[in-house]
$ cat data-v6.cif   # mmCIF, C-alpha atoms and all ligand atoms
data_protein
#
loop_
_atom_site.label_atom_id
_atom_site.label_comp_id
_atom_site.auth_asym_id
_atom_site.auth_seq_id
_atom_site.Cartn_x
_atom_site.Cartn_y
_atom_site.Cartn_z
CA MET A 228 18.80 -19.23 -12.83
CA ALA A 229 17.95 -17.63 -9.50
CA ALA A 230 15.66 -14.60 -9.57
CA ARG A 231 16.87 -11.14 -8.84
CA VAL A 232 15.62 -10.15 -5.37
CA ILE A 233 13.80 -6.82 -5.44
CA ASP A 234 14.95 -4.88 -2.39
CA GLY A 235 11.80 -3.08 -1.30
CA LYS A 236 13.36 -2.10 1.99
CA ALA A 237 16.17 -0.19 0.29
CA PHE A 238 13.85 1.33 -2.32
CA ALA A 239 11.46 2.46 0.41
CA ALA A 240 14.35 4.18 2.19
CA THR A 241 15.11 6.07 -1.05
CA VAL A 242 11.46 7.11 -1.37
CA ARG A 243 11.42 8.30 2.25
CA GLY A 244 14.61 10.28 1.60
CA LYS A 245 12.95 12.04 -1.36
CA VAL A 246 9.88 12.75 0.75
CA ALA A 247 12.05 14.18 3.53
CA GLU A 248 13.83 16.49 1.05
CA HIS A 249 10.51 17.86 -0.21
CA VAL A 250 9.23 18.24 3.33
CA ALA A 251 12.32 20.27 4.26
CA GLN A 252 11.62 22.60 1.30
CA LEU A 253 7.99 23.02 2.34
CA LYS A 254 8.97 23.73 5.93
CA ALA A 255 11.27 26.50 4.70
CA GLN A 256 8.08 28.06 3.27
CA GLY A 257 6.29 27.61 6.58
CA ILE A 258 4.28 24.53 5.57
CA THR A 259 4.52 21.26 7.54
CA PRO A 260 2.71 18.24 6.07
CA GLY A 261 0.70 16.37 8.71
CA LEU A 262 -0.58 12.80 8.88
CA ALA A 263 -3.25 11.56 11.29
CA VAL A 264 -3.77 7.87 12.00
CA VAL A 265 -7.01 6.73 13.61
CA LEU A 266 -6.80 3.42 15.46
CA VAL A 267 -9.93 1.85 16.92
CA GLY A 268 -9.23 -1.00 19.31
CA ALA A 269 -5.91 -2.61 20.14
CA ASP A 270 -5.22 -5.29 17.52
CA PRO A 271 -1.53 -6.18 18.14
CA ALA A 272 -0.60 -6.24 14.42
CA SER A 273 -2.27 -2.84 13.91
CA GLU A 274 -0.38 -1.47 16.91
CA VAL A 275 2.91 -2.43 15.25
CA TYR A 276 2.00 -0.75 11.94
CA VAL A 277 0.64 2.37 13.58
CA ARG A 278 3.80 2.73 15.65
CA SER A 279 6.09 2.40 12.65
CA LYS A 280 3.92 4.79 10.62
CA GLY A 281 4.17 7.40 13.39
CA LYS A 282 7.92 6.94 13.70
CA GLN A 283 8.55 7.23 9.95
CA THR A 284 6.24 10.25 9.67
CA VAL A 285 8.30 12.10 12.26
CA GLU A 286 11.57 10.96 10.65
CA ALA A 287 10.41 12.49 7.36
CA GLY A 288 9.93 15.80 9.18
CA MET A 289 6.16 15.66 9.17
CA HIS A 290 3.63 16.36 11.85
CA SER A 291 2.19 13.11 13.25
CA VAL A 292 -1.17 12.76 15.01
CA GLU A 293 -2.46 9.55 16.54
CA LYS A 294 -6.11 9.19 17.56
CA ARG A 295 -6.82 6.09 19.60
CA LEU A 296 -10.27 4.90 20.48
CA PRO A 297 -11.34 1.84 22.49
CA ALA A 298 -12.65 -1.18 20.58
CA THR A 299 -16.08 -0.34 22.03
CA ALA A 300 -16.18 3.14 20.47
CA SER A 301 -19.45 4.00 18.77
CA GLU A 302 -19.69 4.83 15.09
CA ASP A 303 -20.64 8.42 15.96
CA GLU A 304 -17.50 8.80 18.05
CA VAL A 305 -15.33 7.61 15.18
CA LEU A 306 -17.16 9.82 12.69
CA SER A 307 -16.78 12.92 14.84
CA ILE A 308 -13.04 12.33 15.20
CA ILE A 309 -12.76 12.06 11.41
CA GLU A 310 -14.82 15.20 10.92
CA ALA A 311 -12.55 17.10 13.31
CA LEU A 312 -9.48 15.92 11.35
CA ASN A 313 -11.18 16.89 8.06
CA GLY A 314 -11.44 20.42 9.43
CA ASP A 315 -7.93 20.58 10.90
CA PRO A 316 -5.65 22.66 8.64
CA ASP A 317 -2.51 21.06 10.15
CA VAL A 318 -3.63 17.62 8.97
CA HIS A 319 -3.18 16.85 5.25
CA GLY A 320 -3.57 13.09 5.41
CA ILE A 321 -5.98 10.87 7.36
CA LEU A 322 -5.67 7.09 7.64
CA VAL A 323 -8.23 4.96 9.43
CA GLN A 324 -6.43 1.76 10.34
CA LEU A 325 -8.18 -1.36 9.07
CA PRO A 326 -9.65 -3.75 10.02
CA LEU A 327 -12.19 -1.93 12.18
CA PRO A 328 -14.12 -3.68 14.96
CA GLY A 329 -17.08 -5.56 13.50
CA HIS A 330 -19.84 -3.31 14.84
CA LEU A 331 -18.58 -0.34 12.82
CA ASP A 332 -19.72 0.31 9.24
CA GLU A 333 -16.42 0.45 7.39
CA SER A 334 -17.76 1.92 4.15
CA ARG A 335 -19.61 4.70 5.98
CA ILE A 336 -16.49 5.56 7.98
CA LEU A 337 -14.21 5.58 4.93
CA ALA A 338 -16.74 7.72 3.05
CA THR A 339 -16.51 10.35 5.79
CA VAL A 340 -12.79 11.01 5.23
CA ASP A 341 -12.29 14.13 3.08
CA PRO A 342 -11.23 12.67 -0.32
CA ALA A 343 -8.46 15.29 -0.53
CA LYS A 344 -7.02 13.94 2.75
CA ASP A 345 -7.65 10.29 1.94
CA VAL A 346 -4.01 9.17 1.78
CA ASP A 347 -5.08 5.50 1.70
CA GLY A 348 -7.06 6.15 -1.47
CA PHE A 349 -9.97 4.14 -0.05
CA HIS A 350 -12.74 6.74 -0.56
CA ILE A 351 -15.08 5.79 -3.41
CA SER A 352 -14.42 9.13 -5.09
CA ASN A 353 -10.69 8.34 -5.25
CA ALA A 354 -11.46 4.83 -6.51
CA GLY A 355 -13.66 6.40 -9.19
CA LEU A 356 -11.07 9.00 -10.13
CA LEU A 357 -8.42 6.29 -10.50
CA ALA A 358 -10.74 4.09 -12.56
CA THR A 359 -11.52 6.97 -14.90
CA GLY A 360 -7.89 8.02 -15.30
CA GLN A 361 -8.13 11.23 -13.31
CA LYS A 362 -5.99 12.68 -10.56
CA ALA A 363 -6.69 10.57 -7.46
CA MET A 364 -5.12 9.61 -4.17
CA VAL A 365 -3.80 6.14 -5.01
CA PRO A 366 -3.79 3.29 -2.44
CA CYS A 367 -0.32 2.87 -0.95
CA THR A 368 0.37 -0.83 -1.56
CA PRO A 369 -0.48 -0.73 -5.28
CA LEU A 370 1.43 2.55 -5.65
CA GLY A 371 4.50 1.06 -3.98
CA SER A 372 4.26 -2.05 -6.13
CA LEU A 373 4.01 0.10 -9.28
CA MET A 374 7.09 2.08 -8.25
CA LEU A 375 9.07 -1.17 -7.92
CA LEU A 376 7.86 -2.38 -11.34
CA ARG A 377 8.68 0.91 -13.07
CA ASP A 378 12.11 0.94 -11.45
CA LEU A 379 12.80 -2.60 -12.69
CA HIS A 380 11.27 -2.43 -16.19
CA GLY A 381 11.04 1.25 -17.07
CA ASP A 382 8.12 1.26 -19.52
CA LEU A 383 5.52 -1.45 -18.81
CA THR A 384 3.73 -1.01 -22.14
CA GLY A 385 2.41 -4.22 -23.64
CA MET A 386 3.36 -6.45 -20.73
CA GLU A 387 0.94 -9.19 -19.62
CA ALA A 388 0.04 -8.60 -15.98
CA VAL A 389 -1.96 -10.98 -13.82
CA VAL A 390 -3.24 -9.64 -10.50
CA ILE A 391 -4.37 -12.42 -8.17
CA GLY A 392 -6.93 -10.99 -5.77
CA ARG A 393 -9.80 -8.55 -6.30
CA SER A 394 -9.88 -6.54 -3.08
CA ASN A 395 -10.77 -2.86 -3.13
CA ILE A 396 -7.54 -1.95 -1.34
CA VAL A 397 -5.02 -3.88 -3.45
CA GLY A 398 -6.25 -6.01 -6.36
CA LYS A 399 -8.61 -3.59 -8.08
CA PRO A 400 -6.48 -0.42 -7.76
CA MET A 401 -3.37 -2.42 -8.77
CA ALA A 402 -5.14 -3.52 -11.93
CA GLN A 403 -6.14 0.10 -12.67
CA LEU A 404 -2.56 1.31 -12.29
CA LEU A 405 -1.15 -1.44 -14.52
CA LEU A 406 -3.82 -0.67 -17.10
CA ARG A 407 -2.89 2.99 -17.01
CA ASP A 408 0.73 1.96 -17.67
CA ASN A 409 -0.47 0.08 -20.77
CA CYS A 410 -0.24 -3.48 -19.47
CA THR A 411 -2.69 -6.13 -20.62
CA VAL A 412 -4.32 -6.85 -17.28
CA THR A 413 -6.11 -9.91 -15.96
CA ILE A 414 -7.65 -9.98 -12.50
CA ALA A 415 -7.73 -13.55 -11.20
CA HIS A 416 -9.39 -14.64 -7.96
CA SER A 417 -10.61 -17.61 -5.93
CA ARG A 418 -13.13 -18.59 -8.60
CA THR A 419 -10.75 -18.34 -11.54
CA ARG A 420 -10.68 -21.54 -13.59
CA ASP A 421 -7.20 -23.07 -13.93
CA LEU A 422 -5.37 -20.32 -12.08
CA PRO A 423 -1.91 -21.79 -12.78
CA ALA A 424 -2.56 -21.59 -16.53
CA VAL A 425 -3.67 -17.96 -16.22
CA VAL A 426 -0.64 -17.04 -14.11
CA ARG A 427 1.67 -18.78 -16.59
CA ARG A 428 0.77 -16.15 -19.23
CA ALA A 429 2.04 -13.31 -17.07
CA ASP A 430 5.16 -11.21 -17.47
CA ILE A 431 4.13 -9.58 -14.20
CA VAL A 432 2.38 -11.43 -11.37
CA VAL A 433 0.97 -9.49 -8.43
CA ALA A 434 -0.11 -11.89 -5.69
CA ALA A 435 -2.60 -10.30 -3.30
CA VAL A 436 -4.90 -13.02 -2.04
CA GLY A 437 -3.77 -13.47 1.55
CA ARG A 438 -3.13 -17.20 1.29
CA ALA A 439 0.34 -18.11 2.49
CA GLY A 440 2.54 -19.74 -0.13
CA MET A 441 -0.28 -20.29 -2.60
CA VAL A 442 1.61 -19.42 -5.79
CA SER A 443 4.16 -22.07 -6.61
CA GLY A 444 7.13 -21.75 -8.95
CA ASP A 445 5.68 -24.15 -11.52
CA TRP A 446 2.82 -21.67 -12.11
CA LEU A 447 5.24 -19.05 -13.40
CA LYS A 448 6.53 -18.21 -16.82
CA PRO A 449 10.34 -18.37 -16.61
CA GLY A 450 11.81 -14.88 -16.20
CA SER A 451 8.58 -13.24 -15.03
CA THR A 452 8.47 -10.59 -12.32
CA VAL A 453 6.67 -11.50 -9.09
CA ILE A 454 5.31 -8.90 -6.68
CA ASP A 455 4.23 -10.61 -3.48
CA VAL A 456 1.77 -8.47 -1.54
CA GLY A 457 0.74 -11.18 0.93
CA ILE A 458 1.52 -10.96 4.63
CA THR A 459 0.48 -13.89 6.78
CA ARG A 460 1.73 -14.20 10.34
CA ILE A 461 2.92 -17.68 11.28
CA PRO A 462 3.57 -18.36 14.97
CA THR A 463 6.98 -19.93 15.63
CA GLU A 464 8.38 -21.89 18.57
CA SER A 465 10.40 -18.90 19.74
CA GLY A 466 7.10 -17.08 20.31
CA LYS A 467 7.90 -14.43 17.71
CA ASP A 468 5.75 -14.48 14.57
CA ARG A 469 7.29 -15.03 11.19
CA ILE A 470 5.66 -13.39 8.18
CA VAL A 471 5.26 -15.11 4.84
CA GLY A 472 3.87 -14.02 1.49
CA ASP A 473 1.35 -15.45 -0.96
CA CYS A 474 4.15 -16.99 -3.00
CA ASP A 475 6.14 -20.07 -2.18
CA TYR A 476 9.39 -18.13 -2.22
CA ALA A 477 11.85 -20.99 -2.69
CA SER A 478 10.18 -22.44 -5.77
CA CYS A 479 9.17 -19.06 -7.26
CA ALA A 480 12.68 -17.66 -6.92
CA GLU A 481 13.96 -20.54 -9.09
CA VAL A 482 11.70 -19.64 -12.01
CA ALA A 483 11.00 -15.90 -11.76
CA GLY A 484 13.32 -13.28 -13.22
CA ALA A 485 12.74 -10.99 -10.23
CA ILE A 486 10.77 -11.34 -7.02
CA THR A 487 9.93 -9.30 -3.94
CA PRO A 488 10.76 -11.04 -0.65
CA VAL A 489 8.50 -11.08 2.41
CA PRO A 490 9.46 -9.34 4.62
CA GLY A 491 11.51 -6.62 2.93
CA GLY A 492 9.53 -6.26 -0.29
CA VAL A 493 6.17 -4.54 -0.68
CA GLY A 494 5.54 -3.93 3.05
CA PRO A 495 8.10 -1.16 3.54
CA MET A 496 6.97 0.44 0.25
CA THR A 497 3.43 0.70 1.62
CA ILE A 498 4.51 2.97 4.46
CA ALA A 499 6.89 4.96 2.24
CA CYS A 500 3.98 5.60 -0.15
CA LEU A 501 1.77 6.67 2.73
CA LEU A 502 4.31 9.42 3.44
CA ALA A 503 4.53 10.23 -0.28
CA ASN A 504 0.73 10.52 -0.47
CA THR A 505 0.67 12.79 2.57
CA LEU A 506 3.21 15.04 0.88
CA THR A 507 1.18 14.99 -2.34
CA ALA A 508 -2.01 15.87 -0.45
CA CYS A 509 -0.21 18.74 1.28
CA CYS A 510 1.12 20.11 -2.02
CA ARG A 511 -2.34 19.93 -3.61
CA ALA A 512 -3.95 21.60 -0.57
CA ASN A 513 -1.49 24.48 -0.90
CA GLY A 514 -1.74 24.80 -4.69
CA LEU A 515 1.91 23.78 -5.08
CA PRO A 516 3.35 21.52 -7.79
CA GLU A 517 3.32 17.84 -6.88
CA PRO A 518 6.52 16.02 -5.97
CA GLU A 519 7.96 14.32 -9.05
CA GLY A 520 8.40 10.55 -9.04
CA LEU A 521 6.33 10.10 -5.89
CA THR A 522 2.89 9.86 -7.49
CA ALA A 523 1.39 7.44 -9.98
N1 LIG B 601 -5.98 1.97 6.55
C1 LIG B 601 -5.01 1.07 6.43
N2 LIG B 601 -4.00 1.32 5.57
C2 LIG B 601 -2.96 0.42 5.44
O1 LIG B 601 -2.04 0.64 4.63
C3 LIG B 601 -2.99 -0.76 6.25
C4 LIG B 601 -4.06 -0.94 7.13
N3 LIG B 601 -5.05 -0.02 7.18
N4 LIG B 601 -4.13 -2.04 7.89
C5 LIG B 601 -3.08 -3.03 7.91
C6 LIG B 601 -2.35 -3.08 6.59
C7 LIG B 601 -1.01 -3.76 6.65
N5 LIG B 601 -0.04 -2.76 6.27
C8 LIG B 601 1.35 -2.95 6.28
C9 LIG B 601 2.24 -1.93 6.25
C10 LIG B 601 3.60 -2.16 6.33
C11 LIG B 601 4.10 -3.44 6.43
C12 LIG B 601 5.56 -3.65 6.56
O2 LIG B 601 6.33 -2.73 6.61
N6 LIG B 601 5.99 -4.92 6.65
C13 LIG B 601 7.40 -5.27 6.81
C14 LIG B 601 7.65 -6.17 8.00
C15 LIG B 601 6.77 -5.97 9.18
C16 LIG B 601 6.85 -7.11 10.17
O3 LIG B 601 7.93 -7.75 10.27
O4 LIG B 601 5.87 -7.35 10.85
C17 LIG B 601 7.88 -6.04 5.59
O5 LIG B 601 7.07 -6.58 4.86
O6 LIG B 601 9.09 -6.09 5.41
C18 LIG B 601 3.22 -4.48 6.42
C19 LIG B 601 1.86 -4.24 6.34
C20 LIG B 601 -0.68 -1.59 6.05
N7 LIG B 601 -2.00 -1.72 6.18
#

$ encode --input "data-v6.cif" --output "structure tokens"
Amino acid sequence: MAARVIDGKAFAATVRGKVAEHVAQLKAQGITPGLAVVLVGADPASEVYVRSKGKQTVEAGMHSVEKRLPATASEDEVLSIIEALNGDPDVHGILVQLPLPGHLDESRILATVDPAKDVDGFHISNAGLLATGQKAMVPCTPLGSLMLLRDLHGDLTGMEAVVIGRSNIVGKPMAQLLLRDNCTVTIAHSRTRDLPAVVRRADIVVAAVGRAGMVSGDWLKPGSTVIDVGITRIPTESGKDRIVGDCDYASCAEVAGAITPVPGGVGPMTIACLLANTLTACCRANGLPEPEGLTA
């Protein structure tokens, strides 16, 4: 039987609608949530994301700030921009677009973002808060993936989840969130022995390795739910890139019970959750109750 296709694009639009409603209420009280995006260099893919982030921020009624620096910017220049944003009361969320040019120390830069404004959830104090079950800013891609899973399954208690990939921005926080929702969690990675056998145990598979089409349908337990976080750009003859996920969609969709497509799955949820996190940060900064259903 063919898998149900999880419509992340539609779900993301619903999330953005909820965010916009909350923002309208805040604005009636004289509070406008603000998001600042820092972009160093001119990576074409980053340009695309930053543009759509800015557009969706404004559409949600929020204040949008873009700070662009040349690829040659020094670490001190980047740090002083972040420090200025930390001190700006109109900015509730700060995102430093990754990847950064190689000469910059990514961990030092991410550590400079005020944890309360860290809407990416990349600061070590947010990672630590999440890992210890406390109130954190949660990375957007895992948060969006969790929202899709909760929408599909309701309670995730007792489910076997296999996260493929151990990055700090997706794999590890995803595993923490699934654990918090009472899944039995395995983190698999490039050194995992017999990966297909590990994946075959899973009720939930989250593929976040960045290897196009790696997960094939015969790795899956029939009826399982597949969340495909991968985005690999493949050049086509027309000159326009095509994006593909970490799962071989055709074969996975024959075996899975539900699957996120690429594009139109996790990607749009990532940006929707960035807006949700900015709203959450703004509510916390103003001592207001947090928006329901938009946090982990
Ligand atoms: N500090 C930081 N935070 C990020 O969250 C961050 C980042 N850096 N660097 C780059 C990655 C990538 N990323 C995506 C966001 C949306 C889509 C998205 O909306 N994708 C659409 C299609 C886009 C297309 O067609 O190119 C989709 O999957 O349907 C994809 C990828 C956020 N990132």

$ residues_around --input "data-v6.cif" --residues "Ile458 of chain A" --least-positions-apart "5" --cutoff "8 Å" --atoms "all atoms listed in the file" --output "list of chain:residue names"
A:Gly437, A:Ala439, A:Ile470, A:Val471, A:Gly472, A:Asp473, A:Val489

$ residues_around --input "data-v6.cif" --residues "segment 245-261 of chain A" --least-positions-apart "3" --cutoff "7 Å" --atoms "all atoms listed in the file" --output "PyMOL selection string"
chain A and resi 241-242+287-291+317-320+503+505-506+509

$ write_last_selection --input "data-v6.cif" --atoms "C-alpha atoms" --output "short mmCIF file (atom, residue, chain, number, x, y, z; two decimals), in the frame of the given file"
data_model
loop_
_atom_site.label_atom_id
_atom_site.label_comp_id
_atom_site.auth_asym_id
_atom_site.auth_seq_id
_atom_site.Cartn_x
_atom_site.Cartn_y
_atom_site.Cartn_z
CA THR A 241 15.11 6.07 -1.05
CA VAL A 242 11.46 7.11 -1.37
CA ALA A 287 10.41 12.49 7.36
CA GLY A 288 9.93 15.80 9.18
CA MET A 289 6.16 15.66 9.17
CA HIS A 290 3.63 16.36 11.85
CA SER A 291 2.19 13.11 13.25
CA ASP A 317 -2.51 21.06 10.15
CA VAL A 318 -3.63 17.62 8.97
CA HIS A 319 -3.18 16.85 5.25
CA GLY A 320 -3.57 13.09 5.41
CA ALA A 503 4.53 10.23 -0.28
CA THR A 505 0.67 12.79 2.57
CA LEU A 506 3.21 15.04 0.88
CA CYS A 509 -0.21 18.74 1.28
#

$ closest_atom_pairs --input "data-v6.cif" --of "chain A" --to "ligand LIG 601 (chain B)" --cutoff "7 Å" --atoms "only C-alpha atoms and all ligand atoms" --output "tab-separated table"
residue	atom	partner	partner_atom	distance
A:Lys236	CA	B:LIG601	O6	6.8
A:Ser273	CA	B:LIG601	C5	6.1
A:Tyr276	CA	B:LIG601	C9	5.8
A:Leu322	CA	B:LIG601	N1	5.2
A:Val323	CA	B:LIG601	N1	4.7
A:Gln324	CA	B:LIG601	N1	3.8
A:Leu325	CA	B:LIG601	N3	3.9
A:Pro326	CA	B:LIG601	N4	6.2
A:Asp347	CA	B:LIG601	N2	5.8
A:Cys367	CA	B:LIG601	O1	6.3
A:Thr368	CA	B:LIG601	O1	6.8
A:Ile458	CA	B:LIG601	C18	6.9
A:Ile470	CA	B:LIG601	O3	6.4
A:Val489	CA	B:LIG601	O5	5.3
A:Pro490	CA	B:LIG601	O6	3.4
A:Gly491	CA	B:LIG601	O6	3.5
A:Gly492	CA	B:LIG601	O5	5.7
A:Val493	CA	B:LIG601	O5	6.0
A:Gly494	CA	B:LIG601	C12	3.5
A:Pro495	CA	B:LIG601	O2	3.9
A:Thr497	CA	B:LIG601	C9	5.5
A:Ile498	CA	B:LIG601	C10	5.5

$ atom_distance --input "data-v6.cif" --atom1 "atom CA of Arg438 of chain A" --atom2 "atom CA of Val346 of chain A"
26.4 Å

$ closest_residue --input "data-v6.cif" --among "A:Ser443, A:Thr284, A:Thr487, A:Asn409" --to "Gly235 of chain A" --atoms "only C-alpha atoms"
A:Thr487

$ decode --input "data-v6.cif" --residues "segment 333-407 of chain A" --atoms "C-alpha atoms" --output "JSON list (two decimals), in the first residue's frame"
[["chain", "number", "residue", "atom", "x", "y", "z"],
["A", 333, "GLU", "CA", 31.52, 28.89, 14.45],
["A", 334, "SER", "CA", 31.26, 27.73, 18.05],
["A", 335, "ARG", "CA", 32.60, 31.04, 19.38],
["A", 336, "ILE", "CA", 30.13, 32.98, 17.24],
["A", 337, "LEU", "CA", 27.15, 30.83, 18.24],
["A", 338, "ALA", "CA", 28.17, 31.13, 21.90],
["A", 339, "THR", "CA", 27.95, 34.92, 21.63],
["A", 340, "VAL", "CA", 24.24, 34.93, 20.77],
["A", 341, "ASP", "CA", 22.14, 35.67, 23.87],
["A", 342, "PRO", "CA", 20.62, 32.24, 24.72],
["A", 343, "ALA", "CA", 17.23, 33.93, 25.25],
["A", 344, "LYS", "CA", 17.37, 35.20, 21.64],
["A", 345, "ASP", "CA", 18.85, 32.02, 20.21],
["A", 346, "VAL", "CA", 15.89, 31.04, 18.01],
["A", 347, "ASP", "CA", 17.99, 28.36, 16.28],
["A", 348, "GLY", "CA", 18.60, 26.66, 19.62],
["A", 349, "PHE", "CA", 22.28, 26.26, 18.74],
["A", 350, "HIS", "CA", 23.78, 27.84, 21.88],
["A", 351, "ILE", "CA", 25.32, 25.23, 24.20],
["A", 352, "SER", "CA", 23.15, 26.44, 27.06],
["A", 353, "ASN", "CA", 20.01, 25.70, 25.03],
["A", 354, "ALA", "CA", 21.43, 22.30, 24.03],
["A", 355, "GLY", "CA", 22.08, 21.62, 27.72],
["A", 356, "LEU", "CA", 18.64, 22.79, 28.80],
["A", 357, "LEU", "CA", 17.02, 20.53, 26.20],
["A", 358, "ALA", "CA", 19.18, 17.57, 27.20],
["A", 359, "THR", "CA", 18.24, 18.03, 30.85],
["A", 360, "GLY", "CA", 14.53, 18.44, 30.16],
["A", 361, "GLN", "CA", 14.33, 22.14, 30.95],
["A", 362, "LYS", "CA", 12.78, 25.05, 29.11],
["A", 363, "ALA", "CA", 15.03, 25.69, 26.08],
["A", 364, "MET", "CA", 14.93, 27.25, 22.66],
["A", 365, "VAL", "CA", 14.60, 24.14, 20.49],
["A", 366, "PRO", "CA", 16.28, 23.87, 17.05],
["A", 367, "CYS", "CA", 13.75, 24.53, 14.29],
["A", 368, "THR", "CA", 14.12, 21.43, 12.10],
["A", 369, "PRO", "CA", 13.71, 18.94, 14.97],
["A", 370, "LEU", "CA", 10.85, 21.01, 16.38],
["A", 371, "GLY", "CA", 9.07, 21.04, 13.02],
["A", 372, "SER", "CA", 9.63, 17.30, 12.62],
["A", 373, "LEU", "CA", 8.21, 16.67, 16.11],
["A", 374, "MET", "CA", 5.12, 18.75, 15.30],
["A", 375, "LEU", "CA", 4.48, 16.60, 12.21],
["A", 376, "LEU", "CA", 4.91, 13.39, 14.23],
["A", 377, "ARG", "CA", 2.60, 14.54, 17.02],
["A", 378, "ASP", "CA", 0.00, 15.61, 14.47],
["A", 379, "LEU", "CA", 0.13, 12.19, 12.80],
["A", 380, "HIS", "CA", 0.38, 9.92, 15.86],
["A", 381, "GLY", "CA", -0.85, 11.96, 18.81],
["A", 382, "ASP", "CA", 1.02, 10.33, 21.69],
["A", 383, "LEU", "CA", 4.43, 8.93, 20.71],
["A", 384, "THR", "CA", 4.89, 6.96, 23.95],
["A", 385, "GLY", "CA", 6.64, 3.64, 23.52],
["A", 386, "MET", "CA", 7.38, 4.03, 19.83],
["A", 387, "GLU", "CA", 10.77, 2.88, 18.49],
["A", 388, "ALA", "CA", 12.50, 5.85, 16.87],
["A", 389, "VAL", "CA", 15.71, 5.66, 14.88],
["A", 390, "VAL", "CA", 17.44, 8.95, 14.10],
["A", 391, "ILE", "CA", 20.05, 8.59, 11.36],
["A", 392, "GLY", "CA", 22.63, 11.34, 11.81],
["A", 393, "ARG", "CA", 24.26, 12.78, 14.92],
["A", 394, "SER", "CA", 24.68, 16.47, 14.09],
["A", 395, "ASN", "CA", 24.29, 19.10, 16.78],
["A", 396, "ILE", "CA", 21.65, 20.93, 14.75],
["A", 397, "VAL", "CA", 19.36, 18.03, 13.83],
["A", 398, "GLY", "CA", 20.25, 14.50, 14.96],
["A", 399, "LYS", "CA", 21.08, 15.10, 18.61],
["A", 400, "PRO", "CA", 18.25, 17.56, 19.42],
["A", 401, "MET", "CA", 15.79, 15.36, 17.47],
["A", 402, "ALA", "CA", 16.76, 12.41, 19.64],
["A", 403, "GLN", "CA", 16.28, 14.53, 22.79],
["A", 404, "LEU", "CA", 12.80, 15.59, 21.72],
["A", 405, "LEU", "CA", 11.73, 12.04, 20.86],
["A", 406, "LEU", "CA", 13.09, 10.85, 24.19],
["A", 407, "ARG", "CA", 11.12, 13.53, 25.97]]
